[in-house]
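Asks: To be precise about what I am sending: the file is called entry_29.cif and holds mmCIF, C-alpha atoms.
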```
data_upload
loop_
_atom_site.label_atom_id
_atom_site.label_comp_id
_atom_site.auth_asym_id
_atom_site.auth_seq_id
_atom_site.Cartn_x
_atom_site.Cartn_y
_atom_site.Cartn_z
CA MET O 1 78.35 59.43 65.73
CA GLU O 2 74.85 60.86 65.95
CA GLU O 3 75.34 61.61 69.66
CA LYS O 4 78.54 63.56 68.90
CA LEU O 5 76.79 65.57 66.20
CA ALA O 6 73.87 66.30 68.58
CA ALA O 7 76.27 67.40 71.31
CA THR O 8 78.15 69.65 68.86
CA PHE O 9 74.88 71.15 67.65
CA VAL O 10 73.71 71.89 71.22
CA LYS O 11 77.08 73.44 72.07
CA LYS O 12 77.00 75.72 69.02
CA LYS O 13 73.43 76.67 69.80
CA GLN O 14 74.42 77.66 73.34
CA GLU O 15 77.38 79.68 72.05
CA ASN O 16 75.14 81.48 69.56
CA ARG O 17 72.66 82.21 72.34
CA VAL O 18 75.41 83.70 74.54
CA LEU O 19 76.68 85.79 71.61
CA LYS O 20 73.18 87.03 70.81
CA THR O 21 72.56 87.92 74.45
CA PHE O 22 75.86 89.83 74.56
CA LYS O 23 75.06 91.74 71.36
CA LYS O 24 71.58 92.54 72.63
CA ASN O 25 72.88 93.87 75.96
CA ARG O 26 76.16 95.35 74.69
CA PRO O 27 75.34 98.94 75.83
CA LEU O 28 74.56 97.69 79.35
CA PHE O 29 77.78 95.68 79.41
CA PHE O 30 79.89 98.71 78.48
CA LEU O 31 78.08 100.81 81.09
CA SER O 32 78.92 98.22 83.78
CA LEU O 33 82.52 97.75 82.55
CA PRO O 34 84.10 100.40 84.86
CA GLY O 35 82.48 98.73 87.87
CA ILE O 36 83.62 95.28 86.71
CA ILE O 37 87.19 96.54 86.27
CA TRP O 38 87.11 98.24 89.69
CA PHE O 39 85.94 95.07 91.41
CA ALA O 40 88.45 92.95 89.52
CA ILE O 41 91.39 95.17 90.54
CA PHE O 42 90.44 95.86 94.14
CA SER O 43 88.39 92.81 95.13
CA TYR O 44 89.40 89.78 93.05
CA PHE O 45 93.07 90.21 92.07
CA PRO O 46 94.16 90.74 95.72
CA LEU O 47 92.44 87.50 96.80
CA PHE O 48 95.70 85.54 96.59
CA ALA O 49 96.91 87.59 99.58
CA ILE O 50 94.66 85.51 101.86
CA LEU O 51 97.62 83.11 101.91
CA VAL O 52 99.32 85.61 104.24
CA ALA O 53 97.01 84.21 106.93
CA PHE O 54 98.91 80.91 106.68
CA LYS O 55 102.40 82.42 106.84
CA ASP O 56 104.66 83.86 109.50
CA PHE O 57 104.76 87.06 107.48
CA ARG O 58 107.88 89.17 107.91
CA LEU O 59 108.68 92.29 105.92
CA SER O 60 111.87 92.01 103.88
CA GLY O 61 111.75 94.16 100.77
CA ASN O 62 108.53 94.60 98.82
CA PHE O 63 105.35 92.61 99.42
CA PHE O 64 106.11 89.82 96.95
CA GLU O 65 109.65 89.31 98.30
CA SER O 66 108.32 89.26 101.86
CA PHE O 67 105.58 86.82 100.86
CA MET O 68 108.00 84.37 99.21
CA LYS O 69 110.55 84.53 102.04
CA SER O 70 108.05 84.16 104.91
CA ASP O 71 107.69 80.69 106.44
CA TRP O 72 104.54 78.64 105.94
CA VAL O 73 102.90 78.04 109.34
CA ALA O 74 99.55 76.58 108.20
CA PHE O 75 96.87 77.14 110.88
CA LYS O 76 99.13 78.42 113.69
CA ASN O 77 97.86 81.99 113.28
CA PHE O 78 94.28 80.77 113.76
CA GLU O 79 95.32 78.71 116.79
CA PHE O 80 96.77 81.83 118.39
CA ILE O 81 93.39 83.58 118.11
CA PHE O 82 91.47 80.74 119.76
CA LYS O 83 94.15 79.91 122.34
CA SER O 84 94.21 83.47 123.59
CA GLY O 85 93.14 83.78 127.21
CA ASN O 86 90.49 86.28 126.12
CA ALA O 87 89.06 84.15 123.28
CA SER O 88 85.75 83.44 125.02
CA LEU O 89 85.39 87.10 126.02
CA ILE O 90 86.15 88.30 122.48
CA ILE O 91 83.69 85.90 120.84
CA ARG O 92 81.03 86.61 123.47
CA ASN O 93 81.29 90.37 122.94
CA THR O 94 81.42 90.12 119.15
CA VAL O 95 78.48 87.74 118.74
CA GLY O 96 76.47 89.10 121.69
CA TYR O 97 76.57 92.72 120.56
CA ASN O 98 75.83 91.78 116.95
CA VAL O 99 72.81 89.66 117.86
CA LEU O 100 71.46 92.62 119.81
CA PHE O 101 72.27 95.02 116.95
CA ILE O 102 70.52 92.75 114.43
CA VAL O 103 67.34 92.48 116.51
CA MET O 104 67.27 96.18 117.43
CA GLY O 105 68.37 97.15 113.91
CA ILE O 106 65.18 95.57 112.53
CA ILE O 107 62.65 96.48 115.23
CA VAL O 108 63.58 100.15 115.83
CA PRO O 109 63.79 101.22 112.14
CA LEU O 110 60.59 99.29 111.37
CA ILE O 111 58.68 101.14 114.11
CA LEU O 112 60.08 104.49 112.95
CA ALA O 113 59.16 103.76 109.33
CA LEU O 114 55.61 102.84 110.35
CA LEU O 115 55.30 106.05 112.36
CA LEU O 116 56.69 108.26 109.59
CA ASN O 117 54.35 106.65 107.09
CA GLU O 118 51.40 107.90 109.17
CA ILE O 119 52.51 111.55 109.02
CA PHE O 120 50.23 113.43 106.65
CA SER O 121 52.54 116.41 106.17
CA LYS O 122 55.11 115.47 103.51
CA ARG O 123 57.41 118.31 104.59
CA LEU O 124 57.52 117.11 108.18
CA SER O 125 58.01 113.53 107.03
CA LYS O 126 60.99 114.54 104.86
CA LEU O 127 62.43 116.61 107.71
CA TYR O 128 62.23 113.69 110.17
CA GLN O 129 63.74 111.31 107.60
CA SER O 130 66.68 113.66 107.04
CA VAL O 131 67.29 114.21 110.75
CA MET O 132 67.30 110.45 111.42
CA PHE O 133 69.40 109.61 108.35
CA ILE O 134 72.17 112.21 108.83
CA PRO O 135 73.98 110.32 111.66
CA TYR O 136 74.54 107.39 109.27
CA PHE O 137 76.98 109.53 107.27
CA LEU O 138 78.99 110.71 110.28
CA SER O 139 82.44 109.27 110.88
CA MET O 140 82.88 107.32 114.10
CA VAL O 141 85.60 109.81 115.04
CA VAL O 142 82.98 112.57 114.98
CA VAL O 143 80.51 110.35 116.84
CA SER O 144 83.14 109.62 119.51
CA TYR O 145 83.52 113.36 120.22
CA ILE O 146 79.74 113.81 120.36
CA VAL O 147 79.56 110.98 122.92
CA PHE O 148 82.50 112.51 124.82
CA ALA O 149 80.62 115.81 125.01
CA PHE O 150 77.93 113.98 126.99
CA LEU O 151 80.15 111.68 129.06
CA ASP O 152 83.20 113.84 129.81
CA PRO O 153 83.94 113.40 133.57
CA THR O 154 84.35 117.13 134.17
CA ASN O 155 82.48 119.12 131.51
CA GLY O 156 80.12 116.54 130.02
CA PHE O 157 76.43 117.43 129.75
CA ILE O 158 75.35 114.48 131.90
CA ASN O 159 77.84 115.15 134.70
CA GLN O 160 77.10 118.88 134.65
CA PHE O 161 73.43 118.04 135.12
CA LEU O 162 74.22 115.61 137.96
CA ILE O 163 76.35 118.24 139.70
CA SER O 164 73.58 120.84 139.31
CA ILE O 165 71.15 118.60 141.24
CA GLY O 166 73.69 117.77 143.94
CA LYS O 167 74.78 114.34 142.69
CA GLU O 168 78.29 112.99 142.29
CA PRO O 169 79.68 112.96 138.72
CA ILE O 170 80.12 109.55 137.08
CA GLN O 171 83.47 108.44 135.66
CA PHE O 172 81.94 106.86 132.55
CA TYR O 173 85.28 105.99 130.94
CA MET O 174 86.35 104.08 134.05
CA GLN O 175 83.17 102.08 134.74
CA ALA O 176 82.38 99.21 132.39
CA LYS O 177 78.82 98.60 133.64
CA TYR O 178 77.39 101.53 131.67
CA TRP O 179 78.99 100.75 128.31
CA PRO O 180 76.85 97.88 126.96
CA TYR O 181 73.90 100.30 127.09
CA ILE O 182 75.90 103.26 125.75
CA LEU O 183 77.24 101.26 122.79
CA VAL O 184 73.78 99.97 121.86
CA VAL O 185 72.28 103.47 122.02
CA VAL O 186 75.11 104.96 119.93
CA GLN O 187 74.86 102.17 117.34
CA MET O 188 71.09 102.56 117.04
CA TRP O 189 71.31 106.35 116.78
CA LYS O 190 73.92 106.14 114.04
CA THR O 191 72.52 103.31 111.91
CA MET O 192 68.74 103.25 112.37
CA GLY O 193 68.17 105.79 109.58
CA TYR O 194 69.47 103.46 106.88
CA ASN O 195 67.10 100.53 107.50
CA MET O 196 64.30 102.99 108.23
CA ILE O 197 64.61 104.45 104.71
CA ILE O 198 64.57 100.93 103.21
CA PHE O 199 61.40 100.02 105.12
CA LEU O 200 59.76 103.33 104.30
CA ALA O 201 60.56 102.98 100.58
CA ALA O 202 59.01 99.49 100.60
CA ILE O 203 55.88 100.71 102.41
CA CYS O 204 55.42 103.60 99.96
CA GLY O 205 55.45 101.08 97.09
CA PHE O 206 52.61 98.95 98.48
CA ASP O 207 49.29 98.84 96.63
CA LYS O 208 46.90 101.19 98.47
CA SER O 209 43.92 99.00 97.56
CA TYR O 210 44.93 96.56 100.32
CA TYR O 211 44.50 99.29 102.92
CA GLU O 212 41.23 100.44 101.34
CA ALA O 213 39.88 96.88 101.53
CA ALA O 214 41.00 96.53 105.15
CA ASN O 215 39.40 99.88 105.98
CA LEU O 216 36.11 98.76 104.43
CA ASP O 217 36.26 95.61 106.55
CA GLY O 218 36.48 97.81 109.65
CA ALA O 219 40.17 97.22 110.44
CA THR O 220 41.73 99.69 112.82
CA LYS O 221 45.03 101.40 111.99
CA PHE O 222 46.92 98.96 114.22
CA GLN O 223 45.21 95.99 112.56
CA GLN O 224 46.11 97.34 109.12
CA ILE O 225 49.75 97.58 110.19
CA TRP O 226 49.77 94.12 111.81
CA TYR O 227 47.84 92.20 109.15
CA VAL O 228 48.73 94.13 105.98
CA THR O 229 51.92 96.17 106.26
CA ILE O 230 54.15 93.83 108.29
CA PRO O 231 53.31 90.66 106.25
CA MET O 232 54.08 92.60 103.05
CA LEU O 233 57.40 93.74 104.58
CA LYS O 234 58.39 90.15 105.32
CA PRO O 235 60.73 89.77 102.27
CA VAL O 236 62.54 93.01 103.17
CA ILE O 237 62.91 91.97 106.83
CA ILE O 238 64.27 88.56 105.78
CA MET O 239 66.75 90.09 103.33
CA LEU O 240 68.09 92.59 105.88
CA THR O 241 68.34 89.89 108.56
CA ILE O 242 70.24 87.46 106.32
CA LEU O 243 72.71 90.16 105.25
CA ALA O 244 73.16 91.28 108.87
CA VAL O 245 73.77 87.70 110.08
CA GLY O 246 76.62 87.47 107.56
CA GLY O 247 78.43 90.18 109.52
CA ILE O 248 77.85 88.68 112.95
CA PHE O 249 81.59 88.03 113.35
CA ARG O 250 82.45 91.62 112.43
CA THR O 251 82.04 94.77 114.47
CA ASP O 252 82.33 98.48 113.79
CA PHE O 253 85.91 99.14 114.85
CA GLY O 254 85.23 102.81 115.55
CA LEU O 255 82.29 102.00 117.82
CA PHE O 256 84.33 99.70 120.07
CA TYR O 257 87.69 101.47 119.92
CA GLN O 258 87.22 105.19 119.28
CA VAL O 259 83.94 105.81 121.11
CA PRO O 260 85.25 104.32 124.43
CA LYS O 261 88.55 106.18 123.84
CA ASP O 262 90.52 102.91 124.01
CA SER O 263 90.06 102.88 127.77
CA GLY O 264 91.76 99.91 129.45
CA ALA O 265 89.12 99.89 132.19
CA LEU O 266 86.47 99.08 129.59
CA ILE O 267 88.32 96.26 127.83
CA ASN O 268 85.98 93.54 129.14
CA VAL O 269 82.96 95.08 127.44
CA THR O 270 84.61 96.63 124.36
CA GLN O 271 87.10 93.97 123.23
CA THR O 272 85.86 92.36 119.99
CA ILE O 273 87.58 90.47 117.18
CA ASP O 274 88.28 93.68 115.25
CA THR O 275 89.81 95.54 118.19
CA TYR O 276 91.77 92.42 119.19
CA ILE O 277 93.25 92.14 115.69
CA TYR O 278 94.13 95.83 115.66
CA ARG O 279 95.78 95.69 119.08
CA GLY O 280 97.66 92.56 118.05
CA LEU O 281 98.92 94.25 114.90
CA SER O 282 99.85 97.52 116.62
CA SER O 283 101.61 95.89 119.59
CA MET O 284 103.22 92.81 117.95
CA GLY O 285 103.31 93.86 114.30
CA ASP O 286 102.03 90.39 113.36
CA ILE O 287 100.51 90.80 109.89
CA GLY O 288 99.83 87.06 109.56
CA LEU O 289 97.72 87.07 112.72
CA SER O 290 95.71 90.05 111.48
CA ALA O 291 95.17 88.40 108.10
CA ALA O 292 94.03 85.19 109.83
CA GLY O 293 91.48 87.13 111.86
CA GLY O 294 90.11 88.87 108.78
CA LEU O 295 89.91 85.60 106.82
CA LEU O 296 88.15 83.88 109.72
CA GLN O 297 85.54 86.65 109.82
CA SER O 298 84.92 86.39 106.07
CA VAL O 299 84.62 82.58 106.03
CA VAL O 300 82.29 82.49 109.05
CA GLY O 301 80.17 85.28 107.54
CA PHE O 302 79.96 83.44 104.21
CA PHE O 303 78.70 80.21 105.78
CA LEU O 304 76.32 82.09 108.07
CA VAL O 305 74.69 83.79 105.08
CA LEU O 306 74.35 80.43 103.29
CA GLY O 307 73.01 78.73 106.42
CA THR O 308 70.53 81.48 107.26
CA ASN O 309 69.27 81.60 103.69
CA MET O 310 68.89 77.79 103.66
CA ILE O 311 66.87 77.83 106.89
CA VAL O 312 64.60 80.59 105.55
CA LYS O 313 63.98 78.66 102.31
CA LYS O 314 63.14 75.51 104.24
CA ILE O 315 60.52 77.45 106.19
CA ASP O 316 59.19 79.25 103.12
CA LYS O 317 60.52 78.38 99.64
CA THR O 318 59.36 81.70 98.21
CA GLN O 319 61.62 83.66 100.56
CA GLY O 320 65.40 83.92 100.75
CA ILE O 321 67.75 86.14 98.77
CA PHE O 322 69.04 83.39 96.44
#
```
Turn this file's structure into structure tokens for me.

Replies:
Amino acid sequence: MEEKLAATFVKKKQENRVLKTFKKNRPLFFLSLPGIIWFAIFSYFPLFAILVAFKDFRLSGNFFESFMKSDWVAFKNFEFIFKSGNASLIIRNTVGYNVLFIVMGIIVPLILALLLNEIFSKRLSKLYQSVMFIPYFLSMVVVSYIVFAFLDPTNGFINQFLISIGKEPIQFYMQAKYWPYILVVVQMWKTMGYNMIIFLAAICGFDKSYYEAANLDGATKFQQIWYVTIPMLKPVIIMLTILAVGGIFRTDFGLFYQVPKDSGALINVTQTIDTYIYRGLSSMGDIGLSAAGGLLQSVVGFFLVLGTNMIVKKIDKTQGIF
């Protein structure tokens, strides 16, 4: 009897605590309510549609009618992805490019942030930040035309230069050997500004007394960066890496489809999971297959984030994002 009364008392105490917390933070709750509603409508309510990945989905009426009438095929859509003759090529391209993007996407922005932090003129620093950050906001369609302006077989800047010095023009859109380098350069140019701003914001927030102490100890500028700045940036680097690893099974569709102009000659170096799903949907109209591919990417990304975070916390318990 006493145990029941104690349990009831604890339960009521917890309820009162929740109610008090809600009343205390009521203005913040109402401010966040539009965002909560938006996420609920567009992110959580549609979650039941992941079942499409396990159906031979055929359109017959509206979505709900089609969903109910479509046959349940379990994991056959997933089998089709892995039994494809290009499965190893697709996975190799997807994972290989992303590993390179993750490494370069940390190193290049970090170096740029360190360099910009050493510029004494604030106006120049702001100008360089803006110039490097602008490409991040450009659509891949726009980027594809910028790339085409350089690589066009007849009027491209590069081929015009080659012709002017007596060299033969290069058919870039017909030769796959150049594209791993082109795609990496385009990806870095477009995205490096975002991580650079994050690193730069973190550096600007560091306590200047650390640098003053290092300067008094006779540390050179490089030593200050190596022994002060980079160790203090460690949490930011870990956070960005963990989040990036979660997307290792995803690629920027525009980068691998629109930038190479969907050239068949480049399929071996541009075919990734995203382009494969799109081509499968556009050629076969198989919605179930596309849904299976998207679900596979999400599940793999989820476990990769958990796994990466777990490894980081085993190395250093104070690190990790959760």

Asks: Quick check on the file I pasted: which residues fall under the PyMOL selection byres ((chain O and resi 144-153) around 7)? Write them as a list of chain:residue names.

Replies: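 Taken over the shown coordinates, the PyMOL selection byres ((chain O and resi 144-153) around 7) returns O:Met140, O:Val141, O:Val142, O:Val143, O:Thr154, O:Asn155, O:Gly156, O:Phe157, O:Ile158, O:Asn159, O:Pro169, O:Ile170, O:Gln171, O:Phe172, O:Gln258, O:Val259.
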
Asks: Apply the PyMOL selection byres ((chain O and resi 108-110) around 8) to the displayed file and report the matching residues as a list in words.

Replies: Met104, Gly105, Ile106, Ile107, Ile111, Leu112, Ala113, Leu114, Met188, Met192, Gly193, Asn195, Met196 and Phe199 of chain O

Asks: Show me, as a PyMOL selection string, the residues that have an atom within 6 Å of segment 86-98 of chain O when counting only C-alpha atoms, minus same-chain residues fewer than 2 positions from it.

Replies: chain O and resi 82+84+100-102+248+271-273

Asks: Evaluate the PyMOL selection byres ((chain O and resi 297) around 12) against this structure - the residues, as a PyMOL selection string, please.

Replies: chain O and resi 78+81+91+94-95+245-251+272-274+277+290-296+298-304

Asks: For each of O:Met239, O:Val184, O:Leu255, O:Val99, take the minimum atom-to-atom distance to Asn309 of chain O, counting all atoms listed in the file, then give the residue where this is smallest.

Replies: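 Answer, going by the shortest atom-to-atom distance: O:Met239.
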
Asks: Rank O:Phe253, O:Phe42, O:Ser209, O:Asn25 by their smallest atom-to-atom distance to Gln187 of chain O, using all atoms listed in the file, and report the top residue only.

Replies: O:Phe253

Asks: What separation in Å, quoted to one decimal, exists between atom CA of Ile182 of chain O and atom CA of Leu116 of chain O?

Replies: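 Distance reported for this atom pair: 25.6 Å.
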
Asks: For segment 212-224 of chain O, please output as a VMD selection string all residues within 12 Å (counting all atoms listed in the file; exclusion window: fewer than 4 positions along the same chain).

Replies: chain O and resid 111 114 to 115 117 to 118 206 to 208 228 to 232

Asks: Between O:Trp189, O:Gly166, O:Lys83, O:Lys76, which is the closest to Ile134 of chain O once you count all atoms listed in the file?

Replies: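 Going through O:Trp189, O:Gly166, O:Lys83, O:Lys76 one by one, the smallest distance to Ile134 of chain O is for O:Trp189.
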
Asks: When you draw a straight line from atom CA of Phe133 of chain O to atom CA of Ile242 of chain O, how long is it in Å?

Replies: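 Separating atom CA of Phe133 of chain O from atom CA of Ile242 of chain O is a distance of 22.3 Å.
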
Asks: Using atom CA of Glu65 of chain O and atom CA of Ile36 of chain O as the two end points, give the distance in Å to one decimal.

Replies: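 Atom-to-atom, atom CA of Glu65 of chain O to atom CA of Ile36 of chain O, that is 29.1 Å.
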
Asks: For segment 43-64 of chain O of the structure just presented, write N, CA, C and O atoms to a file, as a compact mmCIF listing (two decimals), in the first residue's frame.

Replies:
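Heads up, here's the output in part.txt:
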```txt
# COMPACT_ATOMS: atom_id res chain seq x y z
N SER O 43 6.90 16.22 -42.52
CA SER O 43 7.97 15.26 -42.22
C SER O 43 7.48 14.02 -41.49
O SER O 43 8.02 12.93 -41.72
N TYR O 44 6.50 14.15 -40.61
CA TYR O 44 6.09 13.01 -39.79
C TYR O 44 4.82 12.32 -40.28
O TYR O 44 4.76 11.09 -40.33
N PHE O 45 3.80 13.08 -40.66
CA PHE O 45 2.58 12.46 -41.18
C PHE O 45 2.83 11.62 -42.43
O PHE O 45 2.25 10.54 -42.58
N PRO O 46 3.71 12.07 -43.36
CA PRO O 46 3.93 11.26 -44.57
C PRO O 46 4.79 10.01 -44.35
O PRO O 46 5.05 9.28 -45.31
N LEU O 47 5.25 9.78 -43.11
CA LEU O 47 6.16 8.66 -42.87
C LEU O 47 5.56 7.30 -43.23
O LEU O 47 6.28 6.38 -43.58
N PHE O 48 4.22 7.19 -43.13
CA PHE O 48 3.60 5.89 -43.44
C PHE O 48 3.84 5.49 -44.89
O PHE O 48 3.80 4.30 -45.24
N ALA O 49 4.15 6.49 -45.74
CA ALA O 49 4.35 6.21 -47.17
C ALA O 49 5.63 5.43 -47.43
O ALA O 49 5.86 4.99 -48.56
N ILE O 50 6.47 5.22 -46.40
CA ILE O 50 7.66 4.38 -46.62
C ILE O 50 7.25 2.95 -46.96
O ILE O 50 8.05 2.19 -47.51
N LEU O 51 6.01 2.59 -46.66
CA LEU O 51 5.52 1.25 -47.00
C LEU O 51 5.45 1.04 -48.50
O LEU O 51 5.39 -0.10 -48.96
N VAL O 52 5.45 2.14 -49.26
CA VAL O 52 5.45 2.03 -50.73
C VAL O 52 6.69 1.26 -51.19
O VAL O 52 6.66 0.55 -52.20
N ALA O 53 7.78 1.36 -50.42
CA ALA O 53 9.02 0.66 -50.77
C ALA O 53 8.85 -0.85 -50.74
O ALA O 53 9.65 -1.58 -51.33
N PHE O 54 7.81 -1.33 -50.07
CA PHE O 54 7.58 -2.78 -49.95
C PHE O 54 6.41 -3.25 -50.80
O PHE O 54 5.91 -4.34 -50.61
N LYS O 55 5.97 -2.39 -51.73
CA LYS O 55 4.84 -2.73 -52.58
C LYS O 55 5.20 -2.60 -54.06
O LYS O 55 6.09 -1.84 -54.42
N ASP O 56 4.50 -3.35 -54.88
CA ASP O 56 4.60 -3.19 -56.33
C ASP O 56 3.60 -2.10 -56.70
O ASP O 56 2.49 -2.38 -57.17
N PHE O 57 3.99 -0.86 -56.47
CA PHE O 57 3.07 0.27 -56.52
C PHE O 57 2.64 0.56 -57.94
O PHE O 57 3.46 0.78 -58.82
N ARG O 58 1.32 0.56 -58.14
CA ARG O 58 0.75 0.86 -59.44
C ARG O 58 -0.36 1.90 -59.26
O ARG O 58 -1.21 1.76 -58.37
N LEU O 59 -0.32 2.94 -60.08
CA LEU O 59 -1.31 4.01 -59.97
C LEU O 59 -2.66 3.53 -60.48
O LEU O 59 -2.78 3.02 -61.60
N SER O 60 -3.68 3.68 -59.63
CA SER O 60 -5.06 3.36 -60.02
C SER O 60 -5.97 4.22 -59.16
O SER O 60 -6.37 3.83 -58.07
N GLY O 61 -6.25 5.43 -59.62
CA GLY O 61 -7.02 6.36 -58.81
C GLY O 61 -6.09 7.27 -58.02
O GLY O 61 -4.96 7.54 -58.44
N ASN O 62 -6.57 7.70 -56.83
CA ASN O 62 -5.71 8.55 -56.01
C ASN O 62 -4.67 7.72 -55.27
O ASN O 62 -4.63 6.49 -55.39
N PHE O 63 -3.84 8.40 -54.48
CA PHE O 63 -2.72 7.71 -53.83
C PHE O 63 -3.19 6.60 -52.91
O PHE O 63 -2.64 5.49 -52.92
N PHE O 64 -4.20 6.87 -52.10
CA PHE O 64 -4.65 5.88 -51.11
C PHE O 64 -5.26 4.65 -51.79
O PHE O 64 -5.05 3.52 -51.36
```
